[in-house]
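Colleague: As input, take query.cif (mmCIF, C-alpha atoms):
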data_input
loop_
_atom_site.label_atom_id
_atom_site.label_comp_id
_atom_site.auth_asym_id
_atom_site.auth_seq_id
_atom_site.Cartn_x
_atom_site.Cartn_y
_atom_site.Cartn_z
CA MET W 1 -35.30 64.52 -55.45
CA LEU W 2 -33.84 60.98 -55.22
CA ARG W 3 -31.17 62.17 -52.80
CA ALA W 4 -33.70 63.98 -50.62
CA GLY W 5 -36.11 61.05 -50.49
CA ARG W 6 -33.63 58.31 -49.75
CA PRO W 7 -34.16 56.44 -46.43
CA ASP W 8 -31.68 56.61 -43.57
CA ALA W 9 -29.15 53.76 -43.48
CA GLU W 10 -29.82 51.10 -40.83
CA GLN W 11 -27.09 50.90 -38.23
CA ASN W 12 -26.43 47.75 -36.14
CA GLU W 13 -24.04 47.20 -33.27
CA PRO W 14 -21.12 44.95 -34.27
CA GLN W 15 -21.44 41.42 -32.89
CA GLN W 16 -18.50 39.98 -31.05
CA LEU W 17 -17.78 36.30 -31.50
CA SER W 18 -17.46 34.29 -28.26
CA VAL W 19 -15.95 30.96 -27.37
CA VAL W 20 -17.28 28.52 -24.79
CA VAL W 21 -14.77 27.64 -22.11
CA ASP W 22 -14.87 25.77 -18.81
CA ALA W 23 -14.16 27.23 -15.41
CA MET W 24 -13.80 25.78 -11.95
CA THR W 25 -14.74 27.40 -8.67
CA VAL W 26 -11.85 26.81 -6.29
CA ASN W 27 -11.81 26.33 -2.54
CA VAL W 28 -8.91 26.50 -0.11
CA GLN W 29 -8.64 23.11 1.56
CA ASP W 30 -6.32 20.60 3.19
CA ALA W 31 -5.09 18.04 0.68
CA TYR W 32 -2.81 15.04 0.70
CA ILE W 33 0.02 15.07 -1.79
CA SER W 34 1.09 11.91 -3.56
CA VAL W 35 4.41 11.10 -5.18
CA SER W 36 4.62 8.89 -8.25
CA SER W 37 7.46 6.52 -9.05
CA GLN W 38 8.21 3.29 -10.88
CA GLY W 39 10.08 0.12 -10.11
CA THR W 40 10.40 -3.62 -10.56
CA VAL W 41 9.22 -6.22 -8.07
CA ALA W 42 12.10 -8.16 -6.53
CA PRO W 43 12.28 -10.82 -3.78
CA ARG W 44 13.23 -9.70 -0.30
CA THR W 45 15.24 -12.91 0.28
CA GLN W 46 16.98 -14.70 -2.59
CA THR W 47 19.21 -17.75 -2.19
CA ASN W 48 21.61 -19.73 -4.35
CA LEU W 49 21.35 -23.26 -2.95
CA VAL W 50 24.79 -24.91 -2.98
CA SER W 51 25.67 -28.49 -2.10
CA GLU W 52 28.06 -28.74 0.87
CA VAL W 53 28.88 -32.40 0.12
CA ALA W 54 29.40 -34.46 -3.00
CA GLY W 55 27.15 -37.25 -4.15
CA ARG W 56 24.65 -38.54 -6.69
CA VAL W 57 21.10 -37.18 -6.60
CA VAL W 58 18.79 -40.07 -5.69
CA GLU W 59 15.56 -38.20 -4.90
CA VAL W 60 13.98 -34.85 -5.78
CA SER W 61 10.79 -33.24 -4.50
CA PRO W 62 7.83 -32.86 -6.90
CA SER W 63 7.95 -29.12 -6.18
CA PHE W 64 11.60 -28.94 -7.21
CA VAL W 65 10.84 -27.49 -10.63
CA ALA W 66 11.18 -23.99 -12.03
CA GLY W 67 8.18 -22.12 -10.67
CA GLY W 68 7.43 -24.69 -7.98
CA PHE W 69 6.35 -23.55 -4.52
CA PHE W 70 7.71 -25.17 -1.36
CA ASN W 71 7.31 -24.75 2.40
CA GLU W 72 9.93 -24.29 5.05
CA GLY W 73 11.32 -27.68 6.09
CA ASP W 74 10.38 -29.49 2.85
CA VAL W 75 13.00 -31.92 1.50
CA LEU W 76 14.04 -30.65 -1.91
CA ILE W 77 16.87 -33.06 -2.81
CA LYS W 78 18.47 -36.18 -1.35
CA LEU W 79 21.98 -37.34 -2.23
CA ASP W 80 23.35 -40.87 -2.01
CA ASP W 81 24.43 -41.14 1.65
CA GLN W 82 25.99 -44.61 1.74
CA ASN W 83 29.56 -43.37 2.11
CA TYR W 84 28.53 -40.83 4.73
CA ARG W 85 26.72 -43.46 6.78
CA ALA W 86 29.86 -45.59 6.71
CA ALA W 87 31.89 -42.58 7.87
CA VAL W 88 29.48 -42.11 10.78
CA SER W 89 29.87 -45.78 11.77
CA ARG W 90 33.67 -45.49 11.70
CA ALA W 91 33.53 -42.32 13.77
CA GLN W 92 31.23 -43.98 16.29
CA ALA W 93 33.68 -46.87 16.60
CA SER W 94 36.54 -44.42 17.15
CA VAL W 95 34.56 -42.70 19.90
CA ALA W 96 33.86 -46.04 21.58
CA ALA W 97 37.54 -46.99 21.43
CA ALA W 98 38.57 -43.61 22.81
CA LYS W 99 36.10 -43.97 25.68
CA SER W 100 37.47 -47.42 26.49
CA LEU W 101 41.03 -46.13 26.47
CA LEU W 102 40.05 -43.25 28.70
CA GLU W 103 38.46 -45.61 31.23
CA GLN W 104 41.61 -47.76 31.23
CA GLU W 105 43.79 -44.71 31.84
CA LYS W 106 41.52 -43.58 34.65
CA GLY W 107 41.84 -46.99 36.28
CA GLN W 108 45.63 -47.07 35.94
CA ALA W 109 45.88 -43.51 37.24
CA ASP W 110 43.79 -44.49 40.26
CA VAL W 111 46.05 -47.48 40.97
CA ALA W 112 49.14 -45.30 40.61
CA GLN W 113 47.69 -42.76 43.02
CA ARG W 114 47.03 -45.44 45.69
CA GLU W 115 50.55 -46.80 45.30
CA TRP W 116 51.93 -43.29 45.65
CA ASP W 117 49.97 -42.75 48.82
CA ARG W 118 51.42 -45.97 50.39
CA MET W 119 55.00 -44.90 49.69
CA SER W 120 57.17 -43.28 52.29
CA ALA W 121 58.49 -39.79 51.77
CA GLU W 122 61.94 -41.18 50.98
CA GLN W 123 60.53 -43.49 48.29
CA GLN W 124 58.51 -40.66 46.80
CA SER W 125 61.60 -38.46 46.67
CA ARG W 126 63.43 -41.07 44.58
CA ILE W 127 60.77 -40.78 41.82
CA ARG W 128 61.65 -37.75 39.74
CA ALA W 129 58.78 -37.94 37.20
CA LYS W 130 55.89 -37.79 39.61
CA GLU W 131 53.35 -36.66 36.99
CA LEU W 132 54.36 -39.46 34.65
CA TYR W 133 54.25 -42.01 37.50
CA LEU W 134 50.71 -40.92 38.35
CA ARG W 135 49.85 -41.24 34.61
CA LYS W 136 48.46 -37.74 34.34
CA PRO W 137 49.93 -37.12 30.84
CA GLN W 138 48.52 -40.45 29.64
CA LEU W 139 45.12 -39.49 31.07
CA GLN W 140 45.21 -36.11 29.31
CA GLU W 141 46.14 -37.82 26.05
CA ALA W 142 43.18 -40.21 26.42
CA VAL W 143 40.82 -37.27 27.02
CA ALA W 144 42.19 -35.49 23.92
CA ARG W 145 41.74 -38.62 21.79
CA LEU W 146 38.12 -38.89 22.93
CA GLU W 147 37.47 -35.24 22.12
CA SER W 148 39.04 -35.68 18.67
CA ALA W 149 36.99 -38.80 17.99
CA GLN W 150 33.82 -37.00 19.11
CA ALA W 151 34.62 -34.08 16.78
CA ASP W 152 35.10 -36.54 13.89
CA LEU W 153 31.75 -38.10 14.73
CA ASP W 154 30.03 -34.69 14.80
CA GLN W 155 31.58 -33.86 11.42
CA ALA W 156 30.49 -37.18 9.96
CA VAL W 157 26.92 -36.73 11.23
CA SER W 158 26.88 -33.18 9.87
CA ASP W 159 28.03 -34.39 6.44
CA LEU W 160 25.37 -37.10 6.52
CA ASN W 161 22.68 -34.56 7.30
CA LYS W 162 23.89 -32.35 4.44
CA THR W 163 23.02 -35.07 1.96
CA THR W 164 19.41 -33.98 2.50
CA ILE W 165 18.82 -30.41 1.25
CA ILE W 166 15.92 -28.86 3.15
CA ALA W 167 14.03 -25.69 2.23
CA PRO W 168 15.09 -22.83 4.53
CA TYR W 169 11.83 -20.86 4.10
CA ASP W 170 8.53 -20.74 2.25
CA GLY W 171 9.55 -19.97 -1.28
CA LEU W 172 9.61 -20.59 -4.99
CA VAL W 173 12.19 -22.21 -7.25
CA SER W 174 13.20 -19.68 -9.88
CA SER W 175 15.69 -21.99 -11.62
CA LYS W 176 17.24 -25.42 -10.99
CA ASN W 177 20.65 -26.69 -12.05
CA THR W 178 20.46 -30.38 -11.20
CA ASP W 179 18.09 -33.33 -11.34
CA ILE W 180 17.81 -36.95 -10.30
CA GLY W 181 20.76 -39.18 -11.25
CA GLN W 182 23.21 -36.30 -11.59
CA TYR W 183 26.41 -36.26 -9.56
CA VAL W 184 27.04 -33.01 -7.77
CA THR W 185 30.33 -31.89 -6.29
CA THR W 186 30.98 -29.86 -3.16
CA GLY W 187 30.13 -26.23 -3.84
CA ALA W 188 28.01 -27.01 -6.92
CA SER W 189 24.96 -24.79 -7.44
CA ILE W 190 21.72 -26.72 -6.95
CA ALA W 191 19.04 -24.11 -7.63
CA GLU W 192 18.02 -20.45 -7.30
CA THR W 193 15.16 -19.82 -4.87
CA PHE W 194 13.49 -16.84 -3.24
CA ALA W 195 11.12 -16.35 -0.32
CA VAL W 196 7.47 -15.56 -0.98
CA ASP W 197 6.48 -14.14 2.40
CA TYR W 198 7.35 -10.62 1.21
CA ALA W 199 8.29 -8.91 -2.02
CA GLU W 200 9.99 -5.54 -2.43
CA VAL W 201 9.98 -2.71 -4.95
CA ARG W 202 12.88 -0.24 -5.07
CA LEU W 203 11.47 3.19 -5.93
CA PRO W 204 13.46 6.35 -6.78
CA ILE W 205 12.16 9.51 -5.08
CA PRO W 206 13.36 12.88 -6.43
CA GLU W 207 15.17 15.08 -3.96
CA THR W 208 12.53 17.79 -4.44
CA LYS W 209 9.75 15.43 -3.28
CA ILE W 210 11.38 14.11 -0.11
CA ALA W 211 10.01 16.94 2.03
CA PHE W 212 6.42 15.95 1.18
CA LEU W 213 6.75 12.34 2.38
CA ASP W 214 6.79 10.81 5.86
CA LEU W 215 9.77 8.59 5.23
CA PRO W 216 10.52 5.77 7.70
CA SER W 217 12.64 6.82 10.67
CA HIS W 218 15.45 4.68 12.03
CA THR W 219 15.56 6.14 15.53
CA GLY W 220 14.91 2.74 17.07
CA ASN W 221 12.04 3.98 19.24
CA LEU W 222 9.48 1.75 17.49
CA SER W 223 9.42 -1.98 17.01
CA ALA W 224 9.47 -3.40 13.50
CA ALA W 225 5.75 -4.27 13.70
CA ASP W 226 4.79 -0.79 14.90
CA SER W 227 6.93 0.94 12.31
CA MET W 228 5.37 -1.11 9.51
CA GLU W 229 1.88 -0.44 10.88
CA ASN W 230 2.48 3.32 10.70
CA ALA W 231 4.43 3.26 7.45
CA PRO W 232 3.00 5.21 4.47
CA GLU W 233 0.84 3.16 2.13
CA VAL W 234 1.82 2.74 -1.49
CA ASP W 235 -0.55 1.92 -4.34
CA LEU W 236 1.10 -0.29 -6.96
CA VAL W 237 -0.41 -0.60 -10.43
CA SER W 238 0.57 -2.84 -13.32
CA ARG W 239 -1.18 -3.23 -16.64
CA ILE W 240 -1.59 -6.87 -17.62
CA GLY W 241 -3.29 -7.30 -20.95
CA ASN W 242 -5.99 -4.65 -21.14
CA GLN W 243 -6.62 -4.42 -17.40
CA ASP W 244 -4.94 -2.51 -14.59
CA TYR W 245 -4.22 -4.50 -11.44
CA HIS W 246 -3.63 -2.90 -8.05
CA TRP W 247 -1.69 -3.98 -4.97
CA THR W 248 -1.02 -2.24 -1.66
CA GLY W 249 2.40 -2.06 -0.05
CA LYS W 250 4.14 -0.30 2.82
CA LEU W 251 7.11 2.06 2.58
CA SER W 252 9.37 0.03 4.85
CA ARG W 253 12.73 1.79 4.59
CA THR W 254 15.01 4.06 2.58
CA GLU W 255 18.56 3.42 1.50
CA GLY W 256 19.64 6.60 3.25
CA VAL W 257 21.96 7.89 0.50
CA LEU W 258 21.15 10.29 -2.33
CA ASP W 259 22.35 9.19 -5.73
CA THR W 260 24.96 11.77 -6.70
CA ARG W 261 24.19 11.47 -10.41
CA THR W 262 20.39 11.47 -10.49
CA ARG W 263 19.72 13.26 -7.14
CA VAL W 264 17.15 10.67 -6.06
CA LEU W 265 16.69 8.76 -2.83
CA PHE W 266 15.82 5.11 -3.28
CA SER W 267 13.07 3.83 -1.01
CA VAL W 268 11.89 0.24 -0.57
CA VAL W 269 8.24 -0.78 -0.57
CA GLN W 270 7.34 -4.09 1.06
CA ILE W 271 4.36 -6.18 -0.12
CA ALA W 272 3.16 -9.00 2.12
CA ASP W 273 2.23 -12.37 0.60
CA PRO W 274 2.64 -11.28 -3.04
CA TYR W 275 1.48 -14.64 -4.42
CA ASN W 276 -1.63 -14.79 -2.17
CA LEU W 277 -0.58 -18.13 -0.69
CA ASN W 278 -1.58 -17.43 2.91
CA SER W 279 -5.32 -17.01 3.17
CA GLN W 280 -5.01 -16.26 6.91
CA ASN W 281 -3.37 -12.91 6.19
CA SER W 282 -5.25 -9.92 4.86
CA ARG W 283 -4.69 -9.66 1.16
CA ASN W 284 -2.40 -6.96 -0.10
CA ASN W 285 -4.44 -6.51 -3.28
CA GLU W 286 -7.82 -5.11 -2.44
CA TRP W 287 -9.12 -4.99 -6.00
CA ASN W 288 -8.17 -8.37 -7.48
CA ASP W 289 -6.72 -11.81 -6.76
CA GLU W 290 -3.92 -11.52 -9.31
CA PRO W 291 -0.53 -12.47 -7.78
CA LEU W 292 2.22 -9.88 -7.83
CA ARG W 293 4.90 -11.85 -9.64
CA ILE W 294 8.58 -11.22 -9.16
CA GLY W 295 9.90 -9.14 -12.06
CA THR W 296 6.65 -7.24 -12.63
CA TYR W 297 7.10 -3.58 -13.58
CA VAL W 298 4.77 -1.39 -11.52
CA ASN W 299 3.81 2.26 -11.25
CA ALA W 300 3.70 3.39 -7.63
CA THR W 301 1.80 6.18 -5.92
CA ILE W 302 3.07 7.04 -2.44
CA ARG W 303 0.69 8.88 -0.15
CA GLY W 304 2.51 11.84 1.35
CA ARG W 305 1.85 14.48 3.97
CA MET W 306 -1.26 16.63 4.31
CA LEU W 307 -0.79 20.15 2.96
CA GLU W 308 -2.87 22.76 4.77
CA ASP W 309 -4.72 25.65 3.08
CA VAL W 310 -3.85 24.85 -0.51
CA ILE W 311 -5.67 24.90 -3.83
CA VAL W 312 -5.21 21.99 -6.23
CA LEU W 313 -5.61 22.76 -9.94
CA PRO W 314 -4.86 20.95 -13.17
CA ARG W 315 -1.28 21.58 -14.15
CA TYR W 316 -2.14 22.99 -17.58
CA THR W 317 -3.99 25.96 -16.03
CA LEU W 318 -0.66 27.35 -14.85
CA GLN W 319 0.70 29.74 -17.47
CA ALA W 320 4.12 31.35 -17.82
CA ASN W 321 5.36 33.39 -14.85
CA ASN W 322 2.98 31.47 -12.54
CA VAL W 323 -0.13 33.16 -13.96
CA ILE W 324 -3.64 31.72 -13.59
CA TRP W 325 -6.52 33.16 -15.66
CA THR W 326 -9.74 33.74 -13.73
CA ALA W 327 -13.17 35.32 -14.28
CA ASP W 328 -14.03 38.09 -11.82
CA ALA W 329 -17.45 38.94 -10.36
CA GLU W 330 -18.08 41.55 -13.10
CA GLY W 331 -17.61 39.05 -15.86
CA ARG W 332 -14.11 39.90 -17.06
CA LEU W 333 -10.96 37.87 -17.54
CA ARG W 334 -8.34 38.58 -14.87
CA PRO W 335 -4.83 37.14 -14.58
CA LYS W 336 -3.59 36.29 -11.09
CA THR W 337 -0.02 35.57 -10.11
CA VAL W 338 0.12 32.65 -7.68
CA GLU W 339 2.72 31.04 -5.47
CA VAL W 340 3.27 27.41 -6.43
CA LEU W 341 4.03 25.08 -3.57
CA THR W 342 4.83 22.11 -5.79
CA ILE W 343 3.90 20.47 -9.07
CA ASN W 344 3.07 16.80 -8.81
CA GLY W 345 2.11 14.83 -11.88
CA ASP W 346 -0.92 16.45 -13.52
CA ASP W 347 -1.69 18.66 -10.50
CA VAL W 348 -0.30 21.96 -9.28
CA TYR W 349 -0.54 22.87 -5.58
CA ILE W 350 -1.00 26.60 -4.96
CA SER W 351 -0.35 28.12 -1.53
CA SER W 352 -1.36 31.76 -2.22
CA GLY W 353 -2.65 34.07 -4.97
CA LEU W 354 -6.16 32.60 -5.18
CA GLU W 355 -9.08 32.84 -2.79
CA ASN W 356 -12.24 30.89 -2.07
CA GLY W 357 -14.80 31.40 -4.82
CA ASP W 358 -12.35 32.39 -7.54
CA ARG W 359 -13.31 30.95 -10.90
CA VAL W 360 -10.34 29.53 -12.74
CA ILE W 361 -10.51 29.21 -16.53
CA LEU W 362 -9.89 25.60 -17.50
CA THR W 363 -9.96 25.95 -21.28
CA ARG W 364 -6.77 27.00 -23.00
CA LEU W 365 -7.21 30.49 -24.52
CA GLU W 366 -5.21 31.87 -27.41
CA ASN W 367 -3.95 35.32 -26.56
CA PRO W 368 -6.27 36.04 -23.60
CA LEU W 369 -6.64 39.75 -22.79
CA ASN W 370 -6.92 41.24 -19.34
CA GLY W 371 -10.38 42.72 -18.85
CA SER W 372 -12.08 40.98 -21.74
CA PRO W 373 -15.81 40.76 -20.91
CA VAL W 374 -17.24 37.32 -20.28
CA GLN W 375 -20.65 35.90 -19.66
CA ILE W 376 -20.88 33.26 -17.00
CA LYS W 377 -23.57 30.67 -17.14
CA GLU W 378 -24.04 29.35 -13.63
CA ILE W 379 -24.04 25.56 -13.41
CA GLU W 380 -24.49 23.62 -10.20
CA GLY W 381 -21.35 21.89 -9.11
CA VAL W 382 -17.72 22.78 -9.36
CA VAL W 383 -17.40 23.17 -13.11
CA GLN W 384 -19.06 26.21 -14.72
CA THR W 385 -19.43 27.24 -18.37
CA VAL W 386 -18.05 30.64 -19.22
CA GLN W 387 -18.52 32.55 -22.52
CA ALA W 388 -15.40 34.61 -23.08
CA ILE W 389 -15.05 37.30 -25.73
CA LYS W 390 -12.52 36.19 -28.28
#
What would the structure in this file look like if it were written as structure tokens?
Modeller:
Amino acid sequence: MLRAGRPDAEQNEPQQLSVVVDAMTVNVQDAYISVSSQGTVAPRTQTNLVSEVAGRVVEVSPSFVAGGFFNEGDVLIKLDDQNYRAAVSRAQASVAAAKSLLEQEKGQADVAQREWDRMSAEQQSRIRAKELYLRKPQLQEAVARLESAQADLDQAVSDLNKTTIIAPYDGLVSSKNTDIGQYVTTGASIAETFAVDYAEVRLPIPETKIAFLDLPSHTGNLSAADSMENAPEVDLVSRIGNQDYHWTGKLSRTEGVLDTRTRVLFSVVQIADPYNLNSQNSRNNEWNDEPLRIGTYVNATIRGRMLEDVIVLPRYTLQANNVIWTADAEGRLRPKTVEVLTINGDDVYISSGLENGDRVILTRLENPLNGSPVQIKEIEGVVQTVQAIK
């Protein structure tokens, strides 16, 4: 009786656990590729100032200090020039004496020529050294002495001018090796300076990325100004303290030789007015007024060529064997094998294998199965929420 009157057992469908993942609806588009690199800011022009004459330092410029800025034509150092002024005076006296001697020889040569003209042919034939009689060798010697004296004067004036060391360009003193009262010898190093009109960053570009960049051409068809105007822009970033600072440069040239060990091509980025000294020029840093100091380590992003009809996805969505997991229109997981054009940083550029409207799974799945049913919750925008069966 108990067995016959027992109720039927309740049966329920087994519930499948699901996990919430993100998906992105992709579109085929034209996209610029960028190449990342790193480098250290260096001066374009660097000079070791050397004294060409000897002397005691009697005057220094207030800007002649480590870190001091100077302009082209500024007097940086003056040496004691007393001996060099005396040498100029002696050379001037020698020139005056040589000029006087030359005038005397010209007069005597003129007299000799008139006497020669008054002689008869027989008298002239008796004089064997005609050139010497007409004082032509003496005149040549006087001319040579004047030229030598003039050369000595030019050398003395040049040495005198070298006692004043003048800045060759707008720049900055990175280090100085002398100061007022010190005696410097010929060839002694005075200071290390560099120009501040431009700075440069030497960036390594991998061989595999060269094809995606419009590197500067050296065909000679464009002027320097035009080539710089059309040069690729480079975004330079450096973290100072807790803040990122940005500067803009131009890819001015390449070194033209691949490094045989690392297989990279070194390119040079040029940054105008790195210390923001010239307010007339457009600033190279569009986001801040922080100067780009020499020696700063920067991360660089070079804008490359436009790639047509590509899909850009996060790099982590690419699985082994170039597989991308997607959700089809019927709500099931589907793997798709894609053709990768290039991988750049955190992005992967896909040339084929995906179509407009495909929904790519963004969340990492453990052991995803082909055909697993999913429920897609439509969300406006690019990113959608997908419930995938575990």
Colleague: Run through the PyMOL selection byres ((chain W and resi 106) around 10) on the given coordinates and return the selected residues as a PyMOL selection string.
Modeller: chain W and resi 100-105+107-112+135-136+138-140+142-143
Colleague: Given the file shown, enumerate the residues that the PyMOL selection byres ((chain W and resi 58-66) around 12) captures and present them as a count of residues only.
Modeller: 43
Colleague: As a check of understanding, name the residues that the PyMOL selection byres ((chain W and resi 210) around 12) selects in the supplied structure, as a count of residues only.
Modeller: 29
Colleague: Give me the residues near range 229-240 of chain W as a CSV table (one decimal) with C-alpha atoms, in the frame of the given file, where near means some atom within 7 Å (using all atoms listed in the file) and where sequence neighbours in that chain fewer than 2 positions away do not count.
Modeller:
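Writing done, so here's part.csv:
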chain,number,residue,atom,x,y,z
W,214,ASP,CA,6.8,10.8,5.9
W,216,PRO,CA,10.5,5.8,7.7
W,225,ALA,CA,5.8,-4.3,13.7
W,226,ASP,CA,4.8,-0.8,14.9
W,227,SER,CA,6.9,0.9,12.3
W,242,ASN,CA,-6.0,-4.6,-21.1
W,243,GLN,CA,-6.6,-4.4,-17.4
W,244,ASP,CA,-4.9,-2.5,-14.6
W,245,TYR,CA,-4.2,-4.5,-11.4
W,246,HIS,CA,-3.6,-2.9,-8.0
W,247,TRP,CA,-1.7,-4.0,-5.0
W,248,THR,CA,-1.0,-2.2,-1.7
W,249,GLY,CA,2.4,-2.1,0.0
W,250,LYS,CA,4.1,-0.3,2.8
W,251,LEU,CA,7.1,2.1,2.6
W,252,SER,CA,9.4,0.0,4.8
W,297,TYR,CA,7.1,-3.6,-13.6
W,298,VAL,CA,4.8,-1.4,-11.5
W,299,ASN,CA,3.8,2.3,-11.2
W,300,ALA,CA,3.7,3.4,-7.6
W,301,THR,CA,1.8,6.2,-5.9
W,302,ILE,CA,3.1,7.0,-2.4
W,303,ARG,CA,0.7,8.9,-0.2
Colleague: Just how far from CA of Ile294 in chain W is CA of Pro274 in chain W, in Å to one decimal?
Modeller: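 CA of Ile294 in chain W lies at a distance of 8.5 Å from CA of Pro274 in chain W.
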Colleague: How far is it from CA of Arg90 in chain W to CA of Thr185 in chain W, in Å with one decimal?
Modeller: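 Separation between CA of Arg90 in chain W and CA of Thr185 in chain W: 22.8 Å.
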Colleague: Compare W:Asp289, W:Asp197, W:Val310, W:Asn48 by their minimum atom-to-atom distance to Asp273 in chain W, counting all atoms listed in the file, and give me the closest one.
Modeller: W:Asp197
Colleague: Might you pull out every residue within 9 Å of Thr363 in chain W, with only C-alpha atoms counted and same-chain residues fewer than 5 positions away left off, and present them as a list in words?
Modeller: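 Once the nearby chain positions are removed, what remains is Val20, Val21, Asp22, Ala23 and Thr317 of chain W.
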Colleague: Give the padded box for range 117-134 of chain W as AutoDock Vina command-line options: axis-aligned, covering all atoms listed in the file, 8 Å on each side, centre and edge lengths in Å to one decimal.
Modeller:
--center_x 56.7 --center_y -41.3 --center_z 43.5 --size_x 29.5 --size_y 25.3 --size_z 33.6
